[in-house]
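Colleague: I have a structure I would like to understand better, so I am pasting it below and will then ask my questions one at a time.
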Amino acid sequence: MRRLRLPRAVLLFIGLLAAPAFAASTSAAGDGATAAELDRIVDGIRTRYRLPGVAVAVVEDGRASYRRTAGVLALGEGAAVGPGSLFKIASNTKAMTAAALARLVDAGKLRWDDPVARYLPQFRMSEDWVTREFQVRDLLIHNSGLRAGAGDLMLWPEPNAYTRADILHGLRYLRPQHSFRSRYAYDNLLYIVAGEVAAVAADAPYEVALQREVFEPLGMRGCRVGAWTPGAGDELAQPHARRGDRYVVVRRDGAAIPASTMDPAGGVRCGLDDMVRWLQAWLDPERRGADGKPWLSAEQRRAVWAAQMPMPVSARQRDWSRSRFSAYGYGWRLGDVHGEFKVSHTGTLMGMYSLVAMLPDRRAGYVVLINGDAGDARSVFDQVLSERYAPPPQPRDWTQYAAEIAREEAAPASRRAPDTSARTAARRAALAPWLGRYRDPWFGEASVCAQGDTVRFVAGKSPLLSGKIQQVGGRWLVDWDADEVDVEAWLDFARAPDGGITLGMSKVDPDADFSYDYEDLAFARIGDCG
């Protein structure tokens, strides 16, 4: 179905007029004035963006100086978010995967400059020399030369039938956009490979290795990864997505949580209390594990937080934070805020947003967990919390940052999505030359086949990527059946020089989430519709 897209500023205004009644919230802080100010910020941001649920903690000098949980696990059901409620932390998992590898380096079970093929002989990139040169460290720093998000359609949307073996095999078919190690482009697939390297070095499945190297020694007993069955006391925050002017639950958890192919890149769930332990482990260089031994050596702490790959500094970073550098370490983003060194990462998964940040020289950090699509809210949280420890010359209230984001997004120049409202269902006769079964080397098979007088695109191994083909002027697009697949795709059919038929795809909205990497697909027709 076609979805009406209102400007973000309009949605925010509607939200303020119709803010929901939130569940009771809890907070704790050592200083009453500090707690009151942080409560004001949390309540204000939560109300402005109508967040279903949120959990926030601040760590200072080794202790949690502030904890706050507010809202509900699922709208319409009443259960309140608590300090043990499990949120999907998405890409904040990457730092945990990197930490597990760092522990294995400390144990002498691998080295950062080991070739990946030493552990995974089946590992292949598109060029042989890149395969030979690819080191364990390269898996973590987004320098592969691939397009941002390349191959992510093997990870999302879930559920799908792709395995880690499929990812290892599919990498060889993904064509680079740039030279190996020449520039930064965010990658998820290589973190899956990193998890498999950890599994080989640890002689245990990735999920077991992560438990052994991170969760158990740090006492993060509530965190979960892999397959598990929630018990009576488990509180699972459910993801929420925007539908018009309100949030709705999407991708609700079932009775059992299955293991996910993407676990090493973004599959961990943790509660606020365990994320506080995670911050404490990094802010205290002398931190010891449950066995009384140092959790991580000074050498590996330096390696993980060393700038490995330069990243661009955005205009917003320069304006808001006077940032001068940005880089990626092993699972962490590194930068500066008003002259203070900052280590951070975000996590984004449909309906779940997370933020972890530290200012190590101030021995301070914070974590924000949100069970809703809330990129703007997360940005505001990040800025105002960082400025508690790296104050700007002229302090600004959180409302000023929120207003600036709204102005940016309301500006006509910031929106490049074409108007596709004048669309009609594609008819069988119009698409007759292109009907058939298609195959892409890494994505697998898909069909473009008639159903009555209409035509549908159906992916073989990713069931949510199914939808009705629409005609917009002289072009074709897929209107996906599932609301949670919210990035439509153009379909471009062509005849190859050898007489065969090819199919390329691209995002209708060029600024949409890069994980919808339709541009990496190169289908060839392999047969008629069955």
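Ordering of the structure tokens sets the chain letters (A, B, ...), residue numbers begin anew at 1 in every chain, and ligands are numbered from 1 in the order given.
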Counting only C-alpha atoms, what is within 7 Å of Arg363 (chain A), bar same-chain residues fewer than 5 positions away, as a short mmCIF file (atom, residue, chain, number, x, y, z; two decimals) with all heavy atoms, in the first residue's frame?
Modeller:
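And here is the file that came out, out.cif:
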```
data_model
loop_
_atom_site.label_atom_id
_atom_site.label_comp_id
_atom_site.auth_asym_id
_atom_site.auth_seq_id
_atom_site.Cartn_x
_atom_site.Cartn_y
_atom_site.Cartn_z
N GLU A 60 29.33 8.15 36.40
CA GLU A 60 30.37 9.11 36.75
C GLU A 60 31.26 8.51 37.82
O GLU A 60 30.76 7.96 38.81
CB GLU A 60 29.77 10.42 37.27
CG GLU A 60 28.88 11.14 36.27
CD GLU A 60 28.17 12.34 36.86
OE1 GLU A 60 27.56 12.18 37.95
OE2 GLU A 60 28.23 13.41 36.27
N ASP A 61 32.57 8.59 37.61
CA ASP A 61 33.53 8.11 38.60
C ASP A 61 33.22 6.70 39.08
O ASP A 61 33.29 6.40 40.28
CB ASP A 61 33.59 9.07 39.80
CG ASP A 61 34.15 10.43 39.39
OD1 ASP A 61 35.08 10.46 38.56
OD2 ASP A 61 33.65 11.46 39.90
N LEU A 283 35.14 2.56 31.49
CA LEU A 283 35.58 3.78 32.15
C LEU A 283 36.58 3.52 33.27
O LEU A 283 37.26 4.43 33.73
CB LEU A 283 34.38 4.55 32.70
CG LEU A 283 33.49 5.19 31.63
CD1 LEU A 283 32.18 5.69 32.23
CD2 LEU A 283 34.21 6.31 30.91
#
```
Colleague: What's around region 420-436 of chain A at 9 Å? Count only C-alpha atoms, leave out sequence neighbours fewer than 4 positions away in its own chain, and write the answer as a PDB file with C-alpha atoms, in the first residue's frame.
Modeller:
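Contents of selection.pdb, as written:
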```pdb
ATOM      1  CA  ARG A   2       1.125   3.598  -0.511  1.00  0.00           C
ATOM      2  CA  LEU A   4       1.262   9.190   3.163  1.00  0.00           C
ATOM      3  CA  ALA A 446      13.160 -13.752  -7.033  1.00  0.00           C
ATOM      4  CA  SER A 447      10.157 -13.828  -9.307  1.00  0.00           C
ATOM      5  CA  VAL A 448       8.259 -11.222 -11.307  1.00  0.00           C
ATOM      6  CA  CYS A 449       5.051 -13.074 -12.074  1.00  0.00           C
ATOM      7  CA  ALA A 450       1.406 -12.347 -12.753  1.00  0.00           C
ATOM      8  CA  GLN A 451      -1.315 -12.879 -10.184  1.00  0.00           C
ATOM      9  CA  GLY A 452      -4.533 -12.453 -12.085  1.00  0.00           C
ATOM     10  CA  ASP A 453      -4.137  -9.211 -14.008  1.00  0.00           C
ATOM     11  CA  THR A 454      -1.593  -7.723 -11.572  1.00  0.00           C
ATOM     12  CA  VAL A 455       2.116  -8.526 -11.168  1.00  0.00           C
ATOM     13  CA  ARG A 456       4.075  -9.282  -8.039  1.00  0.00           C
ATOM     14  CA  LYS A 468       2.730  -5.597  -5.917  1.00  0.00           C
ATOM     15  CA  ILE A 469       4.405  -3.838  -8.819  1.00  0.00           C
ATOM     16  CA  GLN A 470       3.148  -0.339  -9.560  1.00  0.00           C
ATOM     17  CA  GLN A 471       3.608   1.892 -12.599  1.00  0.00           C
ATOM     18  CA  VAL A 472       4.699   5.508 -12.084  1.00  0.00           C
ATOM     19  CA  GLY A 473       5.006   7.313 -15.399  1.00  0.00           C
ATOM     20  CA  TRP A 476       8.045   0.408 -12.256  1.00  0.00           C
ATOM     21  CA  PHE A 493      14.467  -4.174 -16.727  1.00  0.00           C
ATOM     22  CA  ALA A 494      16.839  -4.325 -19.683  1.00  0.00           C
ATOM     23  CA  ILE A 501      17.054 -10.046 -19.617  1.00  0.00           C
ATOM     24  CA  THR A 502      18.460  -8.273 -16.586  1.00  0.00           C
ATOM     25  CA  LEU A 503      16.840  -6.574 -13.624  1.00  0.00           C
ATOM     26  CA  VAL A 508      12.841   5.240  -4.652  1.00  0.00           C
ATOM     27  CA  ARG A 525      16.395 -13.902 -15.868  1.00  0.00           C
ATOM     28  CA  ILE A 526      16.736 -17.681 -15.497  1.00  0.00           C
ATOM     29  CA  GLY A 527      13.328 -18.982 -16.558  1.00  0.00           C
ATOM     30  CA  ASP A 528       9.600 -18.581 -16.958  1.00  0.00           C
ATOM     31  CA  CYS A 529       7.103 -18.181 -14.163  1.00  0.00           C
ATOM     32  CA  GLY A 530       5.976 -21.569 -12.864  1.00  0.00           C
TER      33      GLY A 530
END
```
Colleague: Could you check how far CA of Ala459 (chain A) sits from CA of Leu155 (chain A), in Å to one decimal?
Modeller: 13.6 Å
Colleague: With a distance cut-off of 7 Å and only C-alpha atoms, select the neighbouring residues of Phe180 (chain A), excluding the residue or stretch itself and same-chain residues fewer than 5 positions from it, and output the selection as a PyMOL selection string.
Modeller: chain A and resi 130+143-145
Colleague: To one decimal place, how far is CA of Ser326 (chain A) from CA of Arg302 (chain A) in Å?
Modeller: 16.7 Å
Colleague: Between A:Ala315, A:Ala70, A:Ala202, A:Leu491, which one has atoms that come closest to Gly44 (chain A), using only C-alpha atoms?
Modeller: A:Ala70
Colleague: Distance table requested - region 411-527 of chain A against region 247-267 of chain A, cut-off 12 Å, only C-alpha atoms: one row per qualifying residue with the closest atom pair and its distance in Å to one decimal, ordered by chain and rising residue number, as a tab-separated table.
Modeller:
```
residue	atom	partner	partner_atom	distance
A:Leu464	CA	A:Arg251	CA	11.4
A:Ala482	CA	A:Val250	CA	10.3
A:Asp483	CA	A:Val250	CA	8.9
A:Glu484	CA	A:Val250	CA	7.0
A:Val485	CA	A:Val250	CA	10.7
```
Colleague: Residues near Trp490 (chain A), anyone? I mean within 8 Å using only C-alpha atoms, not counting same-chain ones fewer than 6 positions away, as number ranges by chain.
Modeller: A: 475-478, 505-508
Colleague: Could you give me the residues within region 7-201 of chain A that DSSP places in strand (DSSP E or B), as a list of chain:residue names?
Modeller: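 Those residues are A:Thr26, A:Ser27, A:Ala28, A:Ala29, A:Gly53, A:Val54, A:Ala55, A:Val56, A:Ala57, A:Val58, A:Val59, A:Glu60, A:Arg63, A:Ala64, A:Ser65, A:Tyr66, A:Arg67, A:Arg68, A:Thr69, A:Ala70, A:Gly71, A:Val72, A:Ala80, A:Leu86, A:Phe87, A:Lys88, A:Pro115, A:Gln135.
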Colleague: Let me see the file: selected residues, C-alpha atoms, as a short mmCIF file (atom, residue, chain, number, x, y, z; two decimals), in the first residue's frame.
Modeller:
```
data_model
loop_
_atom_site.label_atom_id
_atom_site.label_comp_id
_atom_site.auth_asym_id
_atom_site.auth_seq_id
_atom_site.Cartn_x
_atom_site.Cartn_y
_atom_site.Cartn_z
CA THR A 26 11.37 5.70 37.97
CA SER A 27 14.58 7.61 38.50
CA ALA A 28 17.53 7.58 40.85
CA ALA A 29 20.49 9.90 41.23
CA GLY A 53 9.55 3.74 26.36
CA VAL A 54 12.98 4.96 27.34
CA ALA A 55 15.79 3.99 29.72
CA VAL A 56 18.63 6.40 30.52
CA ALA A 57 21.66 6.09 32.77
CA VAL A 58 24.66 8.30 33.52
CA VAL A 59 27.89 6.87 34.94
CA GLU A 60 30.37 9.11 36.75
CA ARG A 63 29.10 4.61 39.68
CA ALA A 64 25.68 5.14 38.17
CA SER A 65 24.91 8.70 39.25
CA TYR A 66 21.56 8.68 37.46
CA ARG A 67 19.10 6.03 36.27
CA ARG A 68 15.74 6.68 34.71
CA THR A 69 13.16 4.43 33.12
CA ALA A 70 9.88 5.72 31.71
CA GLY A 71 7.08 4.63 29.44
CA VAL A 72 5.94 1.15 28.51
CA ALA A 80 6.25 -0.28 32.45
CA LEU A 86 15.54 -5.94 27.63
CA PHE A 87 16.05 -3.63 24.65
CA LYS A 88 17.61 -4.56 21.33
CA PRO A 115 44.67 -12.98 7.73
CA GLN A 135 43.18 -8.99 8.26
#
```
Colleague: If you count only C-alpha atoms, which residues fall within 12 Å of Glu133 (chain A), apart from same-chain ones fewer than 6 positions away, as a VMD selection string?
Modeller: chain A and resid 113 to 118 123 to 125 127 139 144 180 to 181
Colleague: Select, from A:Phe443, A:Phe457, A:Tyr518, A:Trp282, the residue with the minimum atom-to-atom distance to Pro360 (chain A), counting only C-alpha atoms.
Modeller: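 Among the listed residues, A:Trp282 lies closest to Pro360 (chain A).
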Colleague: Go ahead and compute the interatomic distance for CA of Met352 (chain A) and CA of Ala165 (chain A), in Å to one decimal.
Modeller: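 Interatomic distance, CA of Met352 (chain A) to CA of Ala165 (chain A): 26.8 Å.
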Colleague: Can you work out which one of A:Leu272, A:Ile405, A:Ala199, A:Ala290 has the shortest atom-to-atom distance to Glu216 (chain A), counting only C-alpha atoms?
Modeller: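 When distances to Glu216 (chain A) are compared using only C-alpha atoms, the smallest one comes from A:Ala290.
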Colleague: Within 7 Å of Asp152 (chain A), counting only C-alpha atoms, which residues show up once you throw out same-chain ones fewer than 6 positions away? Write them as a PyMOL selection string, please.
Modeller: chain A and resi 188-189+515-517
Colleague: Among region 49-173 of chain A, which residues does DSSP mark as alpha helix (DSSP H) when it is run on the backbone? Keep the chain and numbering as in the structure and answer as a count of residues only.
Modeller: 31
Colleague: I need the residue nearest Glu299 (chain A) from this list: A:Gly329, A:Gly375, A:Pro510, A:Pro285. Use only C-alpha atoms for the distance.
Modeller: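 Between A:Gly329, A:Gly375, A:Pro510, A:Pro285, the residue approaching Glu299 (chain A) most closely is A:Pro285.
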